[in-house]
$ cat entry_5.pdb   # PDB, C-alpha atoms
ATOM      1  CA  MET E   1     100.162  87.651 124.048
ATOM      2  CA  THR E   2      98.041  90.113 125.979
ATOM      3  CA  THR E   3      96.733  93.547 125.304
ATOM      4  CA  GLU E   4      99.155  95.365 127.557
ATOM      5  CA  THR E   5     102.380  93.686 126.450
ATOM      6  CA  ALA E   6     105.204  96.121 125.636
ATOM      7  CA  TYR E   7     106.326  95.053 122.173
ATOM      8  CA  PRO E   8     109.738  95.858 120.786
ATOM      9  CA  GLY E   9     107.625  97.556 118.109
ATOM     10  CA  ASP E  10     106.456 100.151 120.643
ATOM     11  CA  ASP E  11     109.642 102.050 119.867
ATOM     12  CA  PRO E  12     108.406 105.454 118.588
ATOM     13  CA  HIS E  13     110.356 105.243 115.317
ATOM     14  CA  ARG E  14     108.880 101.862 114.564
ATOM     15  CA  LEU E  15     105.372 102.841 115.665
ATOM     16  CA  LEU E  16     105.403 105.865 113.402
ATOM     17  CA  SER E  17     106.811 103.957 110.435
ATOM     18  CA  ASN E  18     104.265 101.144 110.971
ATOM     19  CA  THR E  19     101.508 103.750 111.049
ATOM     20  CA  ARG E  20     102.682 105.259 107.775
ATOM     21  CA  GLU E  21     103.036 101.854 106.166
ATOM     22  CA  LEU E  22      99.509 100.844 107.217
ATOM     23  CA  ALA E  23      98.061 104.135 105.947
ATOM     24  CA  ARG E  24      99.895 103.670 102.631
ATOM     25  CA  ARG E  25      98.625 100.096 102.301
ATOM     26  CA  VAL E  26      95.007 101.094 102.981
ATOM     27  CA  ARG E  27      95.182 103.931 100.449
ATOM     28  CA  LYS E  28      96.516 101.526  97.823
ATOM     29  CA  GLU E  29      93.715  99.079  98.572
ATOM     30  CA  GLN E  30      91.116 101.819  98.213
ATOM     31  CA  ARG E  31      92.308 103.012  94.808
ATOM     32  CA  ALA E  32      90.519 101.931  91.673
ATOM     33  CA  THR E  33      91.631 104.851  89.549
ATOM     34  CA  TRP E  34      91.493 102.846  86.336
ATOM     35  CA  PHE E  35      87.723 102.438  86.514
ATOM     36  CA  PRO E  36      86.578 106.095  86.357
ATOM     37  CA  LEU E  37      89.205 106.796  83.696
ATOM     38  CA  LEU E  38      87.946 103.973  81.478
ATOM     39  CA  VAL E  39      84.306 104.955  82.074
ATOM     40  CA  PHE E  40      84.997 108.545  81.038
ATOM     41  CA  ALA E  41      87.048 107.426  78.059
ATOM     42  CA  ALA E  42      84.002 105.425  76.901
ATOM     43  CA  VAL E  43      81.653 108.352  77.558
ATOM     44  CA  THR E  44      83.974 110.710  75.659
ATOM     45  CA  PHE E  45      84.301 108.417  72.629
ATOM     46  CA  ALA E  46      80.535 107.824  72.602
ATOM     47  CA  SER E  47      79.981 111.595  72.383
ATOM     48  CA  ILE E  48      81.623 111.705  68.947
ATOM     49  CA  PRO E  49      78.779 110.031  67.006
ATOM     50  CA  VAL E  50      76.244 111.934  69.132
ATOM     51  CA  ARG E  51      77.733 115.218  67.981
ATOM     52  CA  ARG E  52      78.499 114.068  64.456
ATOM     53  CA  TYR E  53      75.141 112.580  63.552
ATOM     54  CA  SER E  54      72.684 114.764  65.487
ATOM     55  CA  GLY E  55      71.067 117.897  64.126
ATOM     56  CA  HIS E  56      72.932 121.176  64.432
ATOM     57  CA  HIS E  57      71.870 124.762  65.011
ATOM     58  CA  LEU E  58      73.553 127.834  63.599
ATOM     59  CA  ASP E  59      73.061 130.897  65.806
ATOM     60  CA  CYS E  60      74.499 134.210  64.677
ATOM     61  CA  LEU E  61      74.829 137.414  66.647
ATOM     62  CA  ALA E  62      75.413 140.792  64.992
ATOM     63  CA  VAL E  63      78.431 142.585  66.452
ATOM     64  CA  PRO E  64      80.227 145.746  65.350
ATOM     65  CA  GLY E  65      82.139 144.803  62.248
ATOM     66  CA  GLY E  66      80.334 141.554  61.454
ATOM     67  CA  ARG E  67      78.646 138.595  63.021
ATOM     68  CA  ILE E  68      79.587 135.889  65.495
ATOM     69  CA  CYS E  69      78.100 132.521  64.622
ATOM     70  CA  ARG E  70      78.023 129.340  66.648
ATOM     71  CA  VAL E  71      77.221 125.847  65.566
ATOM     72  CA  TYR E  72      75.944 123.556  68.277
ATOM     73  CA  SER E  73      74.065 120.327  68.717
ATOM     74  CA  ASP E  74      71.009 120.065  70.949
ATOM     75  CA  ALA E  75      71.741 116.383  71.457
ATOM     76  CA  GLU E  76      75.004 117.220  73.206
ATOM     77  CA  PHE E  77      73.201 119.275  75.836
ATOM     78  CA  VAL E  78      71.070 116.208  76.551
ATOM     79  CA  TYR E  79      73.803 113.578  76.159
ATOM     80  CA  TRP E  80      76.506 115.055  78.385
ATOM     81  CA  PRO E  81      74.586 115.830  81.599
ATOM     82  CA  ILE E  82      72.861 112.432  81.490
ATOM     83  CA  ALA E  83      76.046 110.566  80.565
ATOM     84  CA  LEU E  84      78.109 112.289  83.262
ATOM     85  CA  VAL E  85      75.556 111.757  86.037
ATOM     86  CA  LEU E  86      75.096 108.108  85.023
ATOM     87  CA  ALA E  87      78.867 107.669  84.907
ATOM     88  CA  TYR E  88      79.215 108.949  88.481
ATOM     89  CA  VAL E  89      76.418 106.654  89.658
ATOM     90  CA  VAL E  90      78.150 103.663  88.017
ATOM     91  CA  ILE E  91      81.540 104.670  89.437
ATOM     92  CA  ALA E  92      80.140 105.162  92.960
ATOM     93  CA  ALA E  93      78.341 101.788  92.767
ATOM     94  CA  PHE E  94      81.552 100.107  91.608
ATOM     95  CA  TYR E  95      83.634 101.597  94.429
ATOM     96  CA  ILE E  96      81.004 100.726  97.078
ATOM     97  CA  ARG E  97      80.671  97.131  95.847
ATOM     98  CA  ARG E  98      84.441  96.764  95.812
ATOM     99  CA  SER E  99      84.703  98.305  99.261
ATOM    100  CA  ARG E 100      82.194  95.801 100.671
ATOM    101  CA  ALA E 101      84.031  92.893  99.070
ATOM    102  CA  ARG E 102      87.361  93.984 100.546
ATOM    103  CA  GLY E 103      86.098  95.111 103.927
ATOM    104  CA  VAL E 104      87.673  98.533 103.712
ATOM    105  CA  GLY E 105      85.778 101.809 103.264
ATOM    106  CA  THR E 106      85.965 103.977 100.192
ATOM    107  CA  ARG E 107      86.612 107.649  99.537
ATOM    108  CA  VAL E 108      84.448 107.870  96.443
ATOM    109  CA  ARG E 109      81.624 109.986  97.884
ATOM    110  CA  PRO E 110      83.308 113.422  97.636
ATOM    111  CA  TYR E 111      84.368 112.566  94.068
ATOM    112  CA  ALA E 112      80.915 111.485  92.910
ATOM    113  CA  ILE E 113      79.192 114.443  94.576
ATOM    114  CA  ALA E 114      81.731 116.938  93.219
ATOM    115  CA  GLY E 115      81.494 115.345  89.773
ATOM    116  CA  ILE E 116      77.719 115.635  89.611
ATOM    117  CA  ILE E 117      77.753 119.237  90.904
ATOM    118  CA  VAL E 118      80.459 120.274  88.434
ATOM    119  CA  ALA E 119      78.693 118.501  85.544
ATOM    120  CA  VAL E 120      75.363 120.201  86.257
ATOM    121  CA  ALA E 121      76.962 123.595  86.927
ATOM    122  CA  LEU E 122      79.097 123.554  83.782
ATOM    123  CA  THR E 123      76.142 122.449  81.660
ATOM    124  CA  GLY E 124      74.275 125.489  83.016
ATOM    125  CA  VAL E 125      77.232 127.750  82.221
ATOM    126  CA  ALA E 126      77.504 126.281  78.710
ATOM    127  CA  LEU E 127      73.788 126.946  78.102
ATOM    128  CA  TRP E 128      74.153 130.486  79.431
ATOM    129  CA  GLU E 129      77.198 131.128  77.241
ATOM    130  CA  LEU E 130      75.253 129.846  74.252
ATOM    131  CA  HIS E 131      72.735 132.641  74.651
ATOM    132  CA  ASN E 132      75.237 135.243  75.834
ATOM    133  CA  PRO E 133      78.298 134.852  73.615
ATOM    134  CA  PRO E 134      81.172 137.131  74.532
ATOM    135  CA  VAL E 135      81.915 139.763  71.890
ATOM    136  CA  ASP E 136      85.280 139.538  70.038
ATOM    137  CA  GLN E 137      85.499 135.876  70.837
ATOM    138  CA  ASN E 138      88.140 133.857  69.081
ATOM    139  CA  PRO E 139      87.482 130.179  69.753
ATOM    140  CA  MET E 140      91.088 129.295  68.933
ATOM    141  CA  GLY E 141      92.682 131.756  71.332
ATOM    142  CA  LEU E 142      92.545 132.794  74.950
ATOM    143  CA  ASN E 143      89.084 134.275  74.440
ATOM    144  CA  GLY E 144      87.780 130.786  73.783
ATOM    145  CA  LEU E 145      88.822 129.711  77.274
ATOM    146  CA  PRO E 146      85.373 130.269  78.873
ATOM    147  CA  ASP E 147      83.867 127.895  76.290
ATOM    148  CA  ARG E 148      86.481 125.252  77.005
ATOM    149  CA  LEU E 149      86.154 125.701  80.777
ATOM    150  CA  ALA E 150      82.434 125.048  80.443
ATOM    151  CA  SER E 151      83.043 121.937  78.353
ATOM    152  CA  PRO E 152      82.282 118.346  79.445
ATOM    153  CA  GLY E 153      86.012 117.605  79.297
ATOM    154  CA  ALA E 154      86.692 120.292  81.882
ATOM    155  CA  ALA E 155      83.883 118.867  84.053
ATOM    156  CA  ILE E 156      85.552 115.442  83.928
ATOM    157  CA  GLY E 157      88.991 116.928  84.633
ATOM    158  CA  LEU E 158      87.900 119.095  87.569
ATOM    159  CA  ALA E 159      86.185 116.128  89.213
ATOM    160  CA  LEU E 160      89.300 113.993  88.621
ATOM    161  CA  LEU E 161      91.241 116.576  90.642
ATOM    162  CA  VAL E 162      88.871 115.829  93.534
ATOM    163  CA  LEU E 163      89.488 112.087  93.062
ATOM    164  CA  ALA E 164      93.266 112.668  93.071
ATOM    165  CA  TRP E 165      92.863 114.545  96.369
ATOM    166  CA  ALA E 166      90.497 111.944  97.872
ATOM    167  CA  GLU E 167      92.778 109.057  96.891
ATOM    168  CA  ARG E 168      95.922 111.084  97.672
ATOM    169  CA  ASN E 169      97.143 109.936  94.324
ATOM    170  CA  ARG E 170      99.981 111.983  92.814
ATOM    171  CA  ALA E 171     100.077 109.962  89.612
ATOM    172  CA  LEU E 172      96.408 110.710  89.004
ATOM    173  CA  LEU E 173      97.032 114.385  89.775
ATOM    174  CA  LEU E 174      99.730 114.506  87.082
ATOM    175  CA  LEU E 175      97.522 112.680  84.570
ATOM    176  CA  THR E 176      94.605 114.997  85.349
ATOM    177  CA  LEU E 177      96.747 118.093  84.825
ATOM    178  CA  ALA E 178      97.863 116.707  81.457
ATOM    179  CA  TYR E 179      94.249 115.927  80.587
ATOM    180  CA  LEU E 180      93.062 119.404  81.602
ATOM    181  CA  ALA E 181      95.831 120.874  79.453
ATOM    182  CA  ALA E 182      94.509 118.792  76.535
ATOM    183  CA  VAL E 183      91.003 120.102  77.221
ATOM    184  CA  LEU E 184      91.812 123.764  77.843
ATOM    185  CA  VAL E 185      94.517 124.266  75.237
ATOM    186  CA  PRO E 186      93.011 124.264  71.726
ATOM    187  CA  ILE E 187      94.487 121.272  69.912
ATOM    188  CA  THR E 188      93.567 121.399  66.231
ATOM    189  CA  PHE E 189      96.271 119.233  64.626
ATOM    190  CA  GLY E 190      96.734 122.057  62.138
ATOM    191  CA  LEU E 191      93.074 122.138  61.173
ATOM    192  CA  VAL E 192      91.551 125.590  61.362
ATOM    193  CA  GLN E 193      87.924 124.493  61.118
ATOM    194  CA  HIS E 194      86.579 123.778  64.583
ATOM    195  CA  ASP E 195      83.119 122.467  63.818
ATOM    196  CA  PRO E 196      81.984 119.072  62.538
ATOM    197  CA  PRO E 197      83.482 116.870  61.247
ATOM    198  CA  TRP E 198      86.793 118.072  62.751
ATOM    199  CA  TYR E 199      85.219 118.303  66.195
ATOM    200  CA  SER E 200      86.004 114.646  66.719
ATOM    201  CA  TYR E 201      89.799 115.120  66.629
ATOM    202  CA  PRO E 202      90.267 117.042  69.911
ATOM    203  CA  VAL E 203      87.599 114.941  71.607
ATOM    204  CA  ALA E 204      89.207 111.719  70.372
ATOM    205  CA  PHE E 205      92.528 113.012  71.702
ATOM    206  CA  GLN E 206      90.984 113.738  75.130
ATOM    207  CA  GLY E 207      89.347 110.306  75.137
ATOM    208  CA  SER E 208      92.667 108.725  74.251
ATOM    209  CA  VAL E 209      94.392 110.441  77.196
ATOM    210  CA  LEU E 210      91.721 108.990  79.517
ATOM    211  CA  LEU E 211      91.896 105.570  77.871
ATOM    212  CA  LEU E 212      95.662 105.318  78.056
ATOM    213  CA  GLY E 213      95.638 106.617  81.620
ATOM    214  CA  GLY E 214      92.983 104.047  82.541
ATOM    215  CA  ILE E 215      94.968 101.214  80.977
ATOM    216  CA  GLY E 216      98.136 102.414  82.728
ATOM    217  CA  PHE E 217      96.463 102.532  86.139
ATOM    218  CA  ALA E 218      94.765  99.169  85.518
ATOM    219  CA  LEU E 219      98.158  97.600  84.877
ATOM    220  CA  ALA E 220      99.769  99.354  87.829
ATOM    221  CA  GLN E 221      96.950  98.469  90.251
ATOM    222  CA  ARG E 222      96.346  94.966  88.887
ATOM    223  CA  PRO E 223      97.962  93.001  91.746
ATOM    224  CA  LEU E 224      95.764  94.847  94.229
ATOM    225  CA  ARG E 225      92.543  94.174  92.360
ATOM    226  CA  SER E 226      92.320  90.516  93.253
ATOM    227  CA  PRO E 227      89.400  89.933  95.630
ATOM    228  CA  ALA E 228      90.138  89.562  99.311
ATOM    229  CA  PRO E 229      89.992  85.992 100.565
TER     230      PRO E 229
ATOM    231  CA  MET C 230     101.692 120.896 127.377
ATOM    232  CA  THR C 231     104.696 120.690 129.704
ATOM    233  CA  GLY C 232     107.364 118.101 130.451
ATOM    234  CA  HIS C 233     108.645 115.203 128.433
ATOM    235  CA  PRO C 234     106.580 114.279 125.358
ATOM    236  CA  ALA C 235     106.197 110.734 126.727
ATOM    237  CA  ASN C 236     103.924 112.256 129.378
ATOM    238  CA  GLY C 237     101.526 113.250 126.632
ATOM    239  CA  LEU C 238     101.099 109.694 125.377
ATOM    240  CA  ASP C 239      97.746 108.054 125.967
ATOM    241  CA  ASP C 240      98.243 104.461 127.158
ATOM    242  CA  THR C 241      95.113 103.351 125.306
ATOM    243  CA  VAL C 242      96.446 104.557 121.962
ATOM    244  CA  HIS C 243     100.188 104.180 122.484
ATOM    245  CA  GLN C 244     100.260 100.509 121.674
ATOM    246  CA  ARG C 245     101.258  98.935 118.389
ATOM    247  CA  VAL C 246      98.037  97.054 117.622
ATOM    248  CA  ARG C 247      95.605  99.697 118.822
ATOM    249  CA  LEU C 248      97.491 102.417 116.982
ATOM    250  CA  GLY C 249      97.274 100.215 113.883
ATOM    251  CA  ILE C 250      93.514  99.785 114.303
ATOM    252  CA  LEU C 251      93.011 103.532 114.672
ATOM    253  CA  THR C 252      95.243 104.253 111.674
ATOM    254  CA  ILE C 253      93.405 101.822 109.397
ATOM    255  CA  ALA C 254      89.997 103.020 110.609
ATOM    256  CA  HIS C 255      91.065 106.618 109.995
ATOM    257  CA  GLU C 256      92.162 105.923 106.415
ATOM    258  CA  ALA C 257      89.267 103.613 105.608
ATOM    259  CA  ARG C 258      86.464 105.586 107.330
ATOM    260  CA  ARG C 259      84.847 102.179 108.002
ATOM    261  CA  VAL C 260      86.691  98.897 108.137
ATOM    262  CA  GLU C 261      85.654  95.307 108.519
ATOM    263  CA  PHE C 262      86.887  93.018 111.289
ATOM    264  CA  SER C 263      88.422  90.501 108.880
ATOM    265  CA  TYR C 264      90.389  93.236 107.087
ATOM    266  CA  LEU C 265      91.866  94.380 110.405
ATOM    267  CA  ARG C 266      92.639  90.822 111.412
ATOM    268  CA  SER C 267      94.510  90.004 108.221
ATOM    269  CA  ASN C 268      96.369  93.317 107.969
ATOM    270  CA  LEU C 269      97.426  93.384 111.604
ATOM    271  CA  GLU C 270      98.119  89.627 111.618
ATOM    272  CA  LEU C 271      96.117  88.940 114.766
ATOM    273  CA  THR C 272      93.892  86.184 115.995
ATOM    274  CA  ALA C 273      90.176  86.976 116.201
ATOM    275  CA  GLY C 274      90.301  86.815 119.994
ATOM    276  CA  ASN C 275      93.255  89.151 120.293
ATOM    277  CA  LEU C 276      91.731  91.665 117.893
ATOM    278  CA  SER C 277      88.406  91.549 119.771
ATOM    279  CA  GLN C 278      90.246  92.312 122.982
ATOM    280  CA  HIS C 279      91.915  95.400 121.487
ATOM    281  CA  LEU C 280      88.676  96.544 119.882
ATOM    282  CA  GLY C 281      86.960  96.236 123.258
ATOM    283  CA  VAL C 282      89.566  98.508 124.863
ATOM    284  CA  LEU C 283      89.166 101.114 122.124
ATOM    285  CA  GLU C 284      85.379 100.925 122.208
ATOM    286  CA  SER C 285      85.321 101.320 125.996
ATOM    287  CA  ALA C 286      87.482 104.427 125.629
ATOM    288  CA  GLY C 287      84.979 105.822 123.103
ATOM    289  CA  LEU C 288      87.562 105.892 120.304
ATOM    290  CA  ILE C 289      85.709 103.562 117.929
ATOM    291  CA  THR C 290      82.193 102.294 117.374
ATOM    292  CA  ILE C 291      81.490  98.683 116.465
ATOM    293  CA  GLU C 292      78.560  97.780 114.285
ATOM    294  CA  LYS C 293      77.446  94.236 113.607
ATOM    295  CA  GLY C 294      75.377  93.286 110.606
ATOM    296  CA  TYR C 295      75.046  91.064 107.592
ATOM    297  CA  ALA C 296      76.282  91.288 104.023
ATOM    298  CA  GLY C 297      74.006  88.778 102.342
ATOM    299  CA  LYS C 298      74.149  85.742 104.615
ATOM    300  CA  ARG C 299      77.584  86.540 106.012
ATOM    301  CA  ALA C 300      77.877  88.152 109.426
ATOM    302  CA  ARG C 301      80.090  91.242 109.351
ATOM    303  CA  THR C 302      81.539  93.491 112.015
ATOM    304  CA  TRP C 303      82.371  97.036 110.995
ATOM    305  CA  VAL C 304      84.617  99.391 112.927
ATOM    306  CA  THR C 305      84.321 103.174 112.631
ATOM    307  CA  LEU C 306      86.532 105.818 114.197
ATOM    308  CA  THR C 307      84.755 108.327 116.433
ATOM    309  CA  LYS C 308      85.672 112.027 116.624
ATOM    310  CA  ALA C 309      87.408 111.296 119.921
ATOM    311  CA  GLY C 310      89.316 108.538 118.138
ATOM    312  CA  GLN C 311      90.419 110.898 115.383
ATOM    313  CA  ALA C 312      91.601 113.422 117.956
ATOM    314  CA  ALA C 313      93.409 110.731 119.964
ATOM    315  CA  LEU C 314      95.152 109.423 116.841
ATOM    316  CA  ALA C 315      96.233 112.915 115.777
ATOM    317  CA  GLU C 316      97.545 113.627 119.278
ATOM    318  CA  GLU C 317      99.440 110.322 119.371
ATOM    319  CA  ILE C 318     101.139 111.113 116.056
ATOM    320  CA  ILE C 319     102.140 114.568 117.329
ATOM    321  CA  GLN C 320     103.527 113.098 120.555
ATOM    322  CA  LEU C 321     105.401 110.369 118.664
ATOM    323  CA  LYS C 322     107.035 112.961 116.422
ATOM    324  CA  LEU C 323     107.990 115.048 119.462
ATOM    325  CA  LEU C 324     109.388 111.987 121.156
ATOM    326  CA  ILE C 325     111.424 111.066 118.099
ATOM    327  CA  SER C 326     112.744 114.614 117.890
ATOM    328  CA  ARG C 327     113.774 114.347 121.523
ATOM    329  CA  ILE C 328     115.436 110.973 121.007
ATOM    330  CA  ASP C 329     117.250 112.126 117.883
ATOM    331  CA  GLY C 330     118.295 115.292 119.666
ATOM    332  CA  THR C 331     117.185 117.468 116.797
ATOM    333  CA  GLY C 332     113.858 118.692 118.104
ATOM    334  CA  THR C 333     112.653 121.382 120.430
ATOM    335  CA  SER C 334     112.553 121.096 124.178
ATOM    336  CA  GLY C 335     109.035 119.794 124.086
ATOM    337  CA  ASN C 336     107.826 122.518 126.419
TER     338      ASN C 336
END
$ encode --input "entry_5.pdb" --output "structure tokens"
Amino acid sequence: MTTETAYPGDDPHRLLSNTRELARRVRKEQRATWFPLLVFAAVTFASIPVRRYSGHHLDCLAVPGGRICRVYSDAEFVYWPIALVLAYVVIAAFYIRRSRARGVGTRVRPYAIAGIIVAVALTGVALWELHNPPVDQNPMGLNGLPDRLASPGAAIGLALLVLAWAERNRALLLLTLAYLAAVLVPITFGLVQHDPPWYSYPVAFQGSVLLLGGIGFALAQRPLRSPAP
Amino acid sequence: MTGHPANGLDDTVHQRVRLGILTIAHEARRVEFSYLRSNLELTAGNLSQHLGVLESAGLITIEKGYAGKRARTWVTLTKAGQAALAEEIIQLKLLISRIDGTGTSGN
């Protein structure tokens, strides 16, 4: 066999289909979708005791016809940026280590960079919103959307969209859209009160979506996770 | 471009193994020699020969190094390699359209 041999496989149909098959195989090898999902599920569940057992502030703003009050936890503004940045560092390290073991490059860099930028930016927006609450805000309705868009859950979801694009992973795209819906649509399970202790219900739900998604992808990608010989 | 789409094919790229190398390197950004060898089912000598052709044409760069104590050879696609791969895919699609009789004239 020499370099210039004309193979039967040089037929254009076959060349193109081989090219597509190789590209598909490499993309499958590169995916480790289960790992970031499980990491963020853990980070989300860990935020529940942080919020529940840390001190809370009550800030009220006089508006025509009454007052708007917000309850928030300082610890959350420390926990989330640190937890998210650390999570992206761990995820990037995992992907790079795996890539070296398998001998095939990874597409994690845009995801990790986007994730860190979104996490820092949304933390800034959340802090700004805290000191500049919109008047006539109803946290349960559409007016509460800016709050939810600036939430850690939205930061995780927006970065997952980048991962779905980088991995060209339609299943992850669908899961991320479902997750973002869970984050952006107020889910109260019939409970009107939105502050502690009920805070944990929507967050636990979001964490469960990530956990189940992570388990699902881990099972689906399991045969491809065995180390290369 | 004028004439039959086959005239637009680059002999360096229009070859099953080399097209496979470029495709994998494009998807992977950076790929190791052993990964290419196992996925393309080639001997080390045969793969080296194809890599040499692609490197001479400026379509890939080859980097040798170590991962721990193990010697590794990494292959990266150059910008010229990306362009050549994209052009090859376009020409293949045109050629298939011609063969199937459903495409444009190719002019």
$ residues_around --input "entry_5.pdb" --residues "segment 263-276 of chain C" --least-positions-apart "3" --cutoff "7 Å" --atoms "all atoms listed in the file" --output "PyMOL selection string"
(chain E and resi 103-104) or (chain C and resi 250+260+279-280)
$ interface_residues --input "entry_5.pdb" --of "chain E" --to "chain C" --cutoff "7 Å" --atoms "all atoms listed in the file" --output "MDAnalysis selection string"
chainID E and resid 3 9:10 12:13 15:16 19 22:23 26:27 103:106
$ atom_distance --input "entry_5.pdb" --atom1 "atom CA of Ile82 of chain E" --atom2 "atom CA of Ser47 of chain E"
11.6 Å
$ residues_around --input "entry_5.pdb" --residues "Arg109 of chain E" --least-positions-apart "5" --cutoff "12 Å" --atoms "only C-alpha atoms" --output "ChimeraX atom specification"
/E:88-89,91-96,114-116,159,162-163,166-167 /C:258
$ write_last_selection --input "entry_5.pdb" --atoms "C-alpha atoms" --output "PDB file, in the coordinates of the input"
ATOM      1  CA  TYR E  88      79.215 108.949  88.481  1.00  0.00           C
ATOM      2  CA  VAL E  89      76.418 106.654  89.658  1.00  0.00           C
ATOM      3  CA  ILE E  91      81.540 104.670  89.437  1.00  0.00           C
ATOM      4  CA  ALA E  92      80.140 105.162  92.960  1.00  0.00           C
ATOM      5  CA  ALA E  93      78.341 101.788  92.767  1.00  0.00           C
ATOM      6  CA  PHE E  94      81.552 100.107  91.608  1.00  0.00           C
ATOM      7  CA  TYR E  95      83.634 101.597  94.429  1.00  0.00           C
ATOM      8  CA  ILE E  96      81.004 100.726  97.078  1.00  0.00           C
ATOM      9  CA  ALA E 114      81.731 116.938  93.219  1.00  0.00           C
ATOM     10  CA  GLY E 115      81.494 115.345  89.773  1.00  0.00           C
ATOM     11  CA  ILE E 116      77.719 115.635  89.611  1.00  0.00           C
ATOM     12  CA  ALA E 159      86.185 116.128  89.213  1.00  0.00           C
ATOM     13  CA  VAL E 162      88.871 115.829  93.534  1.00  0.00           C
ATOM     14  CA  LEU E 163      89.488 112.087  93.062  1.00  0.00           C
ATOM     15  CA  ALA E 166      90.497 111.944  97.872  1.00  0.00           C
ATOM     16  CA  GLU E 167      92.778 109.057  96.891  1.00  0.00           C
TER      17      GLU E 167
ATOM     18  CA  ARG C 258      86.464 105.586 107.330  1.00  0.00           C
TER      19      ARG C 258
END
$ atom_distance --input "entry_5.pdb" --atom1 "atom CA of Asn132 of chain E" --atom2 "atom CA of Ala150 of chain E"
13.3 Å
$ residues_around --input "entry_5.pdb" --residues "Val85 of chain E" --least-positions-apart "4" --cutoff "12 Å" --atoms "only C-alpha atoms" --output "MDAnalysis selection string"
chainID E and resid 39:40 43 78:81 89:92 111:121 123 152 155:156 159
$ resolve_selection --input "entry_5.pdb" --expression "the PyMOL selection byres ((chain E and resi 32) around 12)" --output "NGL selection string"
:E and (27-31 or 33-39 or 91-92 or 94-99 or 106-108 or 163-164 or 166-167 or 169 or 172 or 214-226)
$ write_last_selection --input "entry_5.pdb" --atoms "C-alpha atoms" --output "PDB file, in the coordinates of the input"
ATOM      1  CA  ARG E  27      95.182 103.931 100.449  1.00  0.00           C
ATOM      2  CA  LYS E  28      96.516 101.526  97.823  1.00  0.00           C
ATOM      3  CA  GLU E  29      93.715  99.079  98.572  1.00  0.00           C
ATOM      4  CA  GLN E  30      91.116 101.819  98.213  1.00  0.00           C
ATOM      5  CA  ARG E  31      92.308 103.012  94.808  1.00  0.00           C
ATOM      6  CA  THR E  33      91.631 104.851  89.549  1.00  0.00           C
ATOM      7  CA  TRP E  34      91.493 102.846  86.336  1.00  0.00           C
ATOM      8  CA  PHE E  35      87.723 102.438  86.514  1.00  0.00           C
ATOM      9  CA  PRO E  36      86.578 106.095  86.357  1.00  0.00           C
ATOM     10  CA  LEU E  37      89.205 106.796  83.696  1.00  0.00           C
ATOM     11  CA  LEU E  38      87.946 103.973  81.478  1.00  0.00           C
ATOM     12  CA  VAL E  39      84.306 104.955  82.074  1.00  0.00           C
ATOM     13  CA  ILE E  91      81.540 104.670  89.437  1.00  0.00           C
ATOM     14  CA  ALA E  92      80.140 105.162  92.960  1.00  0.00           C
ATOM     15  CA  PHE E  94      81.552 100.107  91.608  1.00  0.00           C
ATOM     16  CA  TYR E  95      83.634 101.597  94.429  1.00  0.00           C
ATOM     17  CA  ILE E  96      81.004 100.726  97.078  1.00  0.00           C
ATOM     18  CA  ARG E  97      80.671  97.131  95.847  1.00  0.00           C
ATOM     19  CA  ARG E  98      84.441  96.764  95.812  1.00  0.00           C
ATOM     20  CA  SER E  99      84.703  98.305  99.261  1.00  0.00           C
ATOM     21  CA  THR E 106      85.965 103.977 100.192  1.00  0.00           C
ATOM     22  CA  ARG E 107      86.612 107.649  99.537  1.00  0.00           C
ATOM     23  CA  VAL E 108      84.448 107.870  96.443  1.00  0.00           C
ATOM     24  CA  LEU E 163      89.488 112.087  93.062  1.00  0.00           C
ATOM     25  CA  ALA E 164      93.266 112.668  93.071  1.00  0.00           C
ATOM     26  CA  ALA E 166      90.497 111.944  97.872  1.00  0.00           C
ATOM     27  CA  GLU E 167      92.778 109.057  96.891  1.00  0.00           C
ATOM     28  CA  ASN E 169      97.143 109.936  94.324  1.00  0.00           C
ATOM     29  CA  LEU E 172      96.408 110.710  89.004  1.00  0.00           C
ATOM     30  CA  GLY E 214      92.983 104.047  82.541  1.00  0.00           C
ATOM     31  CA  ILE E 215      94.968 101.214  80.977  1.00  0.00           C
ATOM     32  CA  GLY E 216      98.136 102.414  82.728  1.00  0.00           C
ATOM     33  CA  PHE E 217      96.463 102.532  86.139  1.00  0.00           C
ATOM     34  CA  ALA E 218      94.765  99.169  85.518  1.00  0.00           C
ATOM     35  CA  LEU E 219      98.158  97.600  84.877  1.00  0.00           C
ATOM     36  CA  ALA E 220      99.769  99.354  87.829  1.00  0.00           C
ATOM     37  CA  GLN E 221      96.950  98.469  90.251  1.00  0.00           C
ATOM     38  CA  ARG E 222      96.346  94.966  88.887  1.00  0.00           C
ATOM     39  CA  PRO E 223      97.962  93.001  91.746  1.00  0.00           C
ATOM     40  CA  LEU E 224      95.764  94.847  94.229  1.00  0.00           C
ATOM     41  CA  ARG E 225      92.543  94.174  92.360  1.00  0.00           C
ATOM     42  CA  SER E 226      92.320  90.516  93.253  1.00  0.00           C
TER      43      SER E 226
END
$ atom_distance --input "entry_5.pdb" --atom1 "atom CA of Ser326 of chain C" --atom2 "atom CA of Ser17 of chain E"
14.3 Å
$ resolve_selection --input "entry_5.pdb" --expression "the PyMOL selection byres ((chain E and resi 73) around 10)" --output "PyMOL selection string"
chain E and resi 50-58+71-72+74-78
